file my_file05.cif (mmCIF, C-alpha atoms)
data_target
#
loop_
_atom_site.group_PDB
_atom_site.id
_atom_site.type_symbol
_atom_site.label_atom_id
_atom_site.label_comp_id
_atom_site.auth_asym_id
_atom_site.auth_seq_id
_atom_site.Cartn_x
_atom_site.Cartn_y
_atom_site.Cartn_z
ATOM 1 C CA MET A 1 -7.825 43.569 -53.303
ATOM 2 C CA GLU A 2 -11.464 44.135 -52.757
ATOM 3 C CA THR A 3 -13.763 41.363 -51.509
ATOM 4 C CA ASN A 4 -17.128 41.111 -53.171
ATOM 5 C CA GLY A 5 -19.670 40.829 -50.348
ATOM 6 C CA THR A 6 -22.257 39.224 -52.587
ATOM 7 C CA ASN A 7 -20.109 36.229 -53.334
ATOM 8 C CA HIS A 8 -19.094 35.897 -49.706
ATOM 9 C CA HIS A 9 -22.699 35.864 -48.456
ATOM 10 C CA SER A 10 -24.024 33.614 -51.206
ATOM 11 C CA ARG A 11 -21.432 30.978 -50.304
ATOM 12 C CA GLU A 12 -22.520 31.029 -46.651
ATOM 13 C CA ASN A 13 -26.217 30.717 -47.489
ATOM 14 C CA ARG A 14 -25.748 27.726 -49.779
ATOM 15 C CA PRO A 15 -25.567 24.391 -48.015
ATOM 16 C CA SER A 16 -22.456 22.446 -48.879
ATOM 17 C CA THR A 17 -22.844 19.224 -50.822
ATOM 18 C CA GLY A 18 -21.432 17.254 -47.895
ATOM 19 C CA SER A 19 -24.079 18.439 -45.454
ATOM 20 C CA ASN A 20 -26.759 17.966 -48.102
ATOM 21 C CA ASN A 21 -25.766 14.310 -48.496
ATOM 22 C CA ALA A 22 -25.764 13.846 -44.726
ATOM 23 C CA ASN A 23 -29.321 15.202 -44.513
ATOM 24 C CA ARG A 24 -30.492 12.735 -47.164
ATOM 25 C CA GLY A 25 -29.184 9.802 -45.112
ATOM 26 C CA GLN A 26 -31.043 10.899 -41.982
ATOM 27 C CA SER A 27 -34.665 10.471 -42.973
ATOM 28 C CA THR A 28 -37.403 9.833 -40.461
ATOM 29 C CA GLU A 29 -38.672 6.875 -42.480
ATOM 30 C CA GLU A 30 -36.247 4.008 -42.811
ATOM 31 C CA GLU A 31 -36.217 2.444 -46.263
ATOM 32 C CA VAL A 32 -35.766 -1.325 -46.309
ATOM 33 C CA PHE A 33 -34.454 -2.991 -49.435
ATOM 34 C CA VAL A 34 -36.416 -6.074 -50.431
ATOM 35 C CA ASN A 35 -34.679 -8.321 -52.939
ATOM 36 C CA GLN A 36 -37.614 -9.517 -55.035
ATOM 37 C CA ALA A 37 -35.399 -11.654 -57.279
ATOM 38 C CA GLN A 38 -34.028 -13.559 -54.283
ATOM 39 C CA MET A 39 -37.504 -14.128 -52.886
ATOM 40 C CA THR A 40 -38.718 -15.411 -56.265
ATOM 41 C CA TRP A 41 -35.661 -17.676 -56.585
ATOM 42 C CA HIS A 42 -36.323 -19.241 -53.177
ATOM 43 C CA GLU A 43 -40.003 -19.740 -53.997
ATOM 44 C CA VAL A 44 -39.249 -21.428 -57.331
ATOM 45 C CA ARG A 45 -36.560 -23.569 -55.687
ATOM 46 C CA ARG A 46 -38.993 -24.640 -52.967
ATOM 47 C CA GLN A 47 -41.562 -25.607 -55.596
ATOM 48 C CA TRP A 48 -38.987 -27.496 -57.640
ATOM 49 C CA ALA A 49 -37.289 -29.282 -54.735
ATOM 50 C CA GLY A 50 -40.521 -30.008 -52.916
ATOM 51 C CA ASP A 51 -41.167 -30.119 -49.208
ATOM 52 C CA GLN A 52 -37.892 -31.172 -47.596
ATOM 53 C CA SER A 53 -39.624 -32.289 -44.386
ATOM 54 C CA GLN A 54 -41.437 -35.007 -46.364
ATOM 55 C CA LYS A 55 -38.210 -36.279 -47.911
ATOM 56 C CA SER A 56 -36.591 -36.947 -44.549
ATOM 57 C CA ARG A 57 -39.491 -39.265 -43.633
ATOM 58 C CA ARG A 58 -39.019 -41.544 -46.631
ATOM 59 C CA ILE A 59 -38.114 -45.073 -45.766
ATOM 60 C CA ALA A 60 -35.123 -46.547 -47.536
ATOM 61 C CA ARG A 61 -36.393 -49.094 -50.010
ATOM 62 C CA GLU A 62 -34.826 -51.959 -51.847
ATOM 63 C CA PRO A 63 -33.125 -51.090 -55.125
ATOM 64 C CA ILE A 64 -35.300 -51.563 -58.182
ATOM 65 C CA MET A 65 -32.499 -52.911 -60.368
ATOM 66 C CA SER A 66 -31.057 -56.273 -59.484
ATOM 67 C CA TRP A 67 -27.479 -56.380 -58.231
ATOM 68 C CA THR A 68 -26.746 -58.789 -61.068
ATOM 69 C CA THR A 69 -27.922 -56.376 -63.775
ATOM 70 C CA THR A 70 -25.169 -55.478 -66.197
ATOM 71 C CA TYR A 71 -24.687 -52.521 -68.470
ATOM 72 C CA GLU A 72 -25.257 -54.789 -71.466
ATOM 73 C CA ASP A 73 -28.568 -55.957 -69.954
ATOM 74 C CA LEU A 74 -29.757 -52.356 -69.932
ATOM 75 C CA LEU A 75 -28.561 -51.580 -73.454
ATOM 76 C CA CYS A 76 -29.823 -54.755 -75.103
ATOM 77 C CA SER A 77 -33.262 -54.854 -73.518
ATOM 78 C CA THR A 78 -36.269 -53.241 -75.176
ATOM 79 C CA GLU A 79 -38.526 -53.948 -72.220
ATOM 80 C CA ARG A 80 -39.534 -51.187 -69.866
ATOM 81 C CA PHE A 81 -38.665 -51.376 -66.205
ATOM 82 C CA GLN A 82 -41.489 -52.539 -63.964
ATOM 83 C CA GLN A 83 -41.282 -49.248 -62.083
ATOM 84 C CA PRO A 84 -39.309 -46.019 -62.472
ATOM 85 C CA ILE A 85 -35.703 -46.188 -61.304
ATOM 86 C CA PRO A 86 -34.674 -43.321 -59.016
ATOM 87 C CA LEU A 87 -31.983 -41.119 -60.477
ATOM 88 C CA ALA A 88 -29.620 -41.736 -57.549
ATOM 89 C CA GLU A 89 -29.828 -45.491 -58.096
ATOM 90 C CA MET A 90 -29.139 -45.169 -61.822
ATOM 91 C CA VAL A 91 -26.195 -42.833 -61.236
ATOM 92 C CA ASP A 92 -24.699 -45.248 -58.684
ATOM 93 C CA PHE A 93 -25.112 -48.109 -61.152
ATOM 94 C CA LEU A 94 -23.445 -46.204 -64.002
ATOM 95 C CA VAL A 95 -20.558 -44.936 -61.876
ATOM 96 C CA ASP A 96 -19.881 -48.465 -60.582
ATOM 97 C CA THR A 97 -19.979 -49.829 -64.139
ATOM 98 C CA TRP A 98 -17.661 -47.103 -65.437
ATOM 99 C CA HIS A 99 -15.215 -47.730 -62.566
ATOM 100 C CA GLU A 100 -15.117 -51.428 -63.411
ATOM 101 C CA GLU A 101 -14.422 -50.654 -67.062
ATOM 102 C CA GLY A 102 -11.828 -47.994 -66.252
ATOM 103 C CA LEU A 103 -13.875 -45.223 -67.859
ATOM 104 C CA TYR A 104 -14.413 -43.163 -64.729
ATOM 105 C CA ASP A 105 -11.445 -42.058 -62.660
#

call {"tool": "encode", "arguments": {"input": "my_file05.cif", "output": "structure tokens"}}
result
Amino acid sequence: METNGTNHHSRENRPSTGSNNANRGQSTEEEVFVNQAQMTWHEVRRQWAGDQSQKSRRIAREPIMSWTTTYEDLLCSTERFQQPIPLAEMVDFLVDTWHEEGLYD
């Protein structure tokens, strides 16, 4: 069987795909991936949540709602509260009320 010299030499002169891929990975400039979506998410979260260092300085204040306030008092009243009620206070009030009525387990 005769060997075709042209095919033999052309195979030697062509770089293999494996060595070609290795050369691509070894560039002189290192590319750094920057996740723009993550950076944007953190920026929007910081704007939404506010400056956390300021929140830790807040002084605990007295609850706005009276301890004697009932769920019916809230539902039957058409008057506005004298000042806004913090969400955490309202959630605590509702959870306590629901526990007492057996609605929240």

call {"tool": "atom_distance", "arguments": {"input": "my_file05.cif", "atom1": "atom CA of Ala88 of chain A", "atom2": "atom CA of Pro63 of chain A"}}
result
10.3 Å

call {"tool": "axis_aligned_box", "arguments": {"input": "my_file05.cif", "around": "segment 30-45 of chain A", "padding_each_side": "6 Å", "output": "JSON"}}
result
{"center_x": -37.0, "center_y": -9.8, "center_z": -50.1, "size_x": 18.0, "size_y": 39.6, "size_z": 26.5}

call {"tool": "atom_distance", "arguments": {"input": "my_file05.cif", "atom1": "atom CA of Cys76 of chain A", "atom2": "atom CA of Trp98 of chain A"}}
result
17.3 Å

call {"tool": "resolve_selection", "arguments": {"input": "my_file05.cif", "expression": "the PyMOL selection byres ((chain A and resi 70) around 12)", "output": "CSV table (one decimal) with C-alpha atoms, keeping the file's coordinate frame"}}
result
chain,number,residue,atom,x,y,z
A,65,MET,CA,-32.5,-52.9,-60.4
A,66,SER,CA,-31.1,-56.3,-59.5
A,67,TRP,CA,-27.5,-56.4,-58.2
A,68,THR,CA,-26.7,-58.8,-61.1
A,69,THR,CA,-27.9,-56.4,-63.8
A,71,TYR,CA,-24.7,-52.5,-68.5
A,72,GLU,CA,-25.3,-54.8,-71.5
A,73,ASP,CA,-28.6,-56.0,-70.0
A,74,LEU,CA,-29.8,-52.4,-69.9
A,75,LEU,CA,-28.6,-51.6,-73.5
A,76,CYS,CA,-29.8,-54.8,-75.1
A,77,SER,CA,-33.3,-54.9,-73.5
A,90,MET,CA,-29.1,-45.2,-61.8
A,93,PHE,CA,-25.1,-48.1,-61.2
A,94,LEU,CA,-23.4,-46.2,-64.0
A,96,ASP,CA,-19.9,-48.5,-60.6
A,97,THR,CA,-20.0,-49.8,-64.1
A,98,TRP,CA,-17.7,-47.1,-65.4
A,100,GLU,CA,-15.1,-51.4,-63.4
A,101,GLU,CA,-14.4,-50.7,-67.1

call {"tool": "atom_distance", "arguments": {"input": "my_file05.cif", "atom1": "atom CA of His42 of chain A", "atom2": "atom CA of Val91 of chain A"}}
result
26.9 Å

call {"tool": "closest_residue", "arguments": {"input": "my_file05.cif", "among": "A:Trp48, A:Ile85, A:Val34, A:Val95", "to": "Glu62 of chain A", "atoms": "all atoms listed in the file"}}
result
A:Ile85

call {"tool": "residues_around", "arguments": {"input": "my_file05.cif", "residues": "Ile64 of chain A", "least_positions_apart": "6", "cutoff": "10 Å", "atoms": "only C-alpha atoms", "output": "list in words"}}
result
Phe81, Gln82, Gln83, Pro84, Ile85, Pro86, Glu89 and Met90 of chain A

call {"tool": "build_atoms", "arguments": {"input": "my_file05.cif", "residues": "segment 77-98 of chain A", "atoms": "N, CA and C atoms", "output": "PDB file, keeping the file's coordinate frame"}}
result
ATOM      1  N   SER A  77     -31.856 -54.596 -73.806  1.00  0.00           N
ATOM      2  CA  SER A  77     -33.262 -54.854 -73.518  1.00  0.00           C
ATOM      3  C   SER A  77     -34.150 -53.765 -74.127  1.00  0.00           C
ATOM      4  N   THR A  78     -35.281 -54.200 -74.674  1.00  0.00           N
ATOM      5  CA  THR A  78     -36.269 -53.241 -75.176  1.00  0.00           C
ATOM      6  C   THR A  78     -37.464 -53.155 -74.240  1.00  0.00           C
ATOM      7  N   GLU A  79     -37.422 -53.951 -73.180  1.00  0.00           N
ATOM      8  CA  GLU A  79     -38.526 -53.948 -72.220  1.00  0.00           C
ATOM      9  C   GLU A  79     -38.383 -52.776 -71.259  1.00  0.00           C
ATOM     10  N   ARG A  80     -39.529 -52.265 -70.853  1.00  0.00           N
ATOM     11  CA  ARG A  80     -39.534 -51.187 -69.866  1.00  0.00           C
ATOM     12  C   ARG A  80     -39.319 -51.772 -68.481  1.00  0.00           C
ATOM     13  N   PHE A  81     -38.792 -50.956 -67.593  1.00  0.00           N
ATOM     14  CA  PHE A  81     -38.665 -51.376 -66.205  1.00  0.00           C
ATOM     15  C   PHE A  81     -40.053 -51.479 -65.595  1.00  0.00           C
ATOM     16  N   GLN A  82     -40.188 -52.357 -64.600  1.00  0.00           N
ATOM     17  CA  GLN A  82     -41.489 -52.539 -63.964  1.00  0.00           C
ATOM     18  C   GLN A  82     -41.936 -51.281 -63.230  1.00  0.00           C
ATOM     19  N   GLN A  83     -40.980 -50.519 -62.746  1.00  0.00           N
ATOM     20  CA  GLN A  83     -41.282 -49.248 -62.083  1.00  0.00           C
ATOM     21  C   GLN A  83     -40.130 -48.275 -62.355  1.00  0.00           C
ATOM     22  N   PRO A  84     -40.379 -46.990 -62.202  1.00  0.00           N
ATOM     23  CA  PRO A  84     -39.309 -46.019 -62.472  1.00  0.00           C
ATOM     24  C   PRO A  84     -38.111 -46.246 -61.550  1.00  0.00           C
ATOM     25  N   ILE A  85     -36.929 -46.043 -62.088  1.00  0.00           N
ATOM     26  CA  ILE A  85     -35.703 -46.188 -61.304  1.00  0.00           C
ATOM     27  C   ILE A  85     -35.299 -44.797 -60.826  1.00  0.00           C
ATOM     28  N   PRO A  86     -35.102 -44.628 -59.526  1.00  0.00           N
ATOM     29  CA  PRO A  86     -34.674 -43.321 -59.016  1.00  0.00           C
ATOM     30  C   PRO A  86     -33.335 -42.910 -59.625  1.00  0.00           C
ATOM     31  N   LEU A  87     -33.189 -41.639 -59.853  1.00  0.00           N
ATOM     32  CA  LEU A  87     -31.983 -41.119 -60.477  1.00  0.00           C
ATOM     33  C   LEU A  87     -30.736 -41.504 -59.687  1.00  0.00           C
ATOM     34  N   ALA A  88     -30.785 -41.405 -58.373  1.00  0.00           N
ATOM     35  CA  ALA A  88     -29.620 -41.736 -57.549  1.00  0.00           C
ATOM     36  C   ALA A  88     -29.191 -43.186 -57.758  1.00  0.00           C
ATOM     37  N   GLU A  89     -30.149 -44.076 -57.873  1.00  0.00           N
ATOM     38  CA  GLU A  89     -29.828 -45.491 -58.096  1.00  0.00           C
ATOM     39  C   GLU A  89     -29.177 -45.697 -59.458  1.00  0.00           C
ATOM     40  N   MET A  90     -29.700 -45.030 -60.479  1.00  0.00           N
ATOM     41  CA  MET A  90     -29.139 -45.169 -61.822  1.00  0.00           C
ATOM     42  C   MET A  90     -27.732 -44.574 -61.879  1.00  0.00           C
ATOM     43  N   VAL A  91     -27.523 -43.446 -61.249  1.00  0.00           N
ATOM     44  CA  VAL A  91     -26.195 -42.833 -61.236  1.00  0.00           C
ATOM     45  C   VAL A  91     -25.201 -43.751 -60.534  1.00  0.00           C
ATOM     46  N   ASP A  92     -25.585 -44.308 -59.386  1.00  0.00           N
ATOM     47  CA  ASP A  92     -24.699 -45.248 -58.684  1.00  0.00           C
ATOM     48  C   ASP A  92     -24.347 -46.434 -59.578  1.00  0.00           C
ATOM     49  N   PHE A  93     -25.339 -46.968 -60.260  1.00  0.00           N
ATOM     50  CA  PHE A  93     -25.112 -48.109 -61.152  1.00  0.00           C
ATOM     51  C   PHE A  93     -24.112 -47.747 -62.256  1.00  0.00           C
ATOM     52  N   LEU A  94     -24.321 -46.603 -62.902  1.00  0.00           N
ATOM     53  CA  LEU A  94     -23.445 -46.204 -64.002  1.00  0.00           C
ATOM     54  C   LEU A  94     -22.022 -45.917 -63.525  1.00  0.00           C
ATOM     55  N   VAL A  95     -21.889 -45.241 -62.399  1.00  0.00           N
ATOM     56  CA  VAL A  95     -20.558 -44.936 -61.876  1.00  0.00           C
ATOM     57  C   VAL A  95     -19.822 -46.228 -61.531  1.00  0.00           C
ATOM     58  N   ASP A  96     -20.507 -47.173 -60.890  1.00  0.00           N
ATOM     59  CA  ASP A  96     -19.881 -48.465 -60.582  1.00  0.00           C
ATOM     60  C   ASP A  96     -19.436 -49.179 -61.856  1.00  0.00           C
ATOM     61  N   THR A  97     -20.298 -49.173 -62.866  1.00  0.00           N
ATOM     62  CA  THR A  97     -19.979 -49.829 -64.139  1.00  0.00           C
ATOM     63  C   THR A  97     -18.778 -49.156 -64.794  1.00  0.00           C
ATOM     64  N   TRP A  98     -18.755 -47.832 -64.809  1.00  0.00           N
ATOM     65  CA  TRP A  98     -17.661 -47.103 -65.437  1.00  0.00           C
ATOM     66  C   TRP A  98     -16.345 -47.326 -64.684  1.00  0.00           C
TER      67      TRP A  98
END
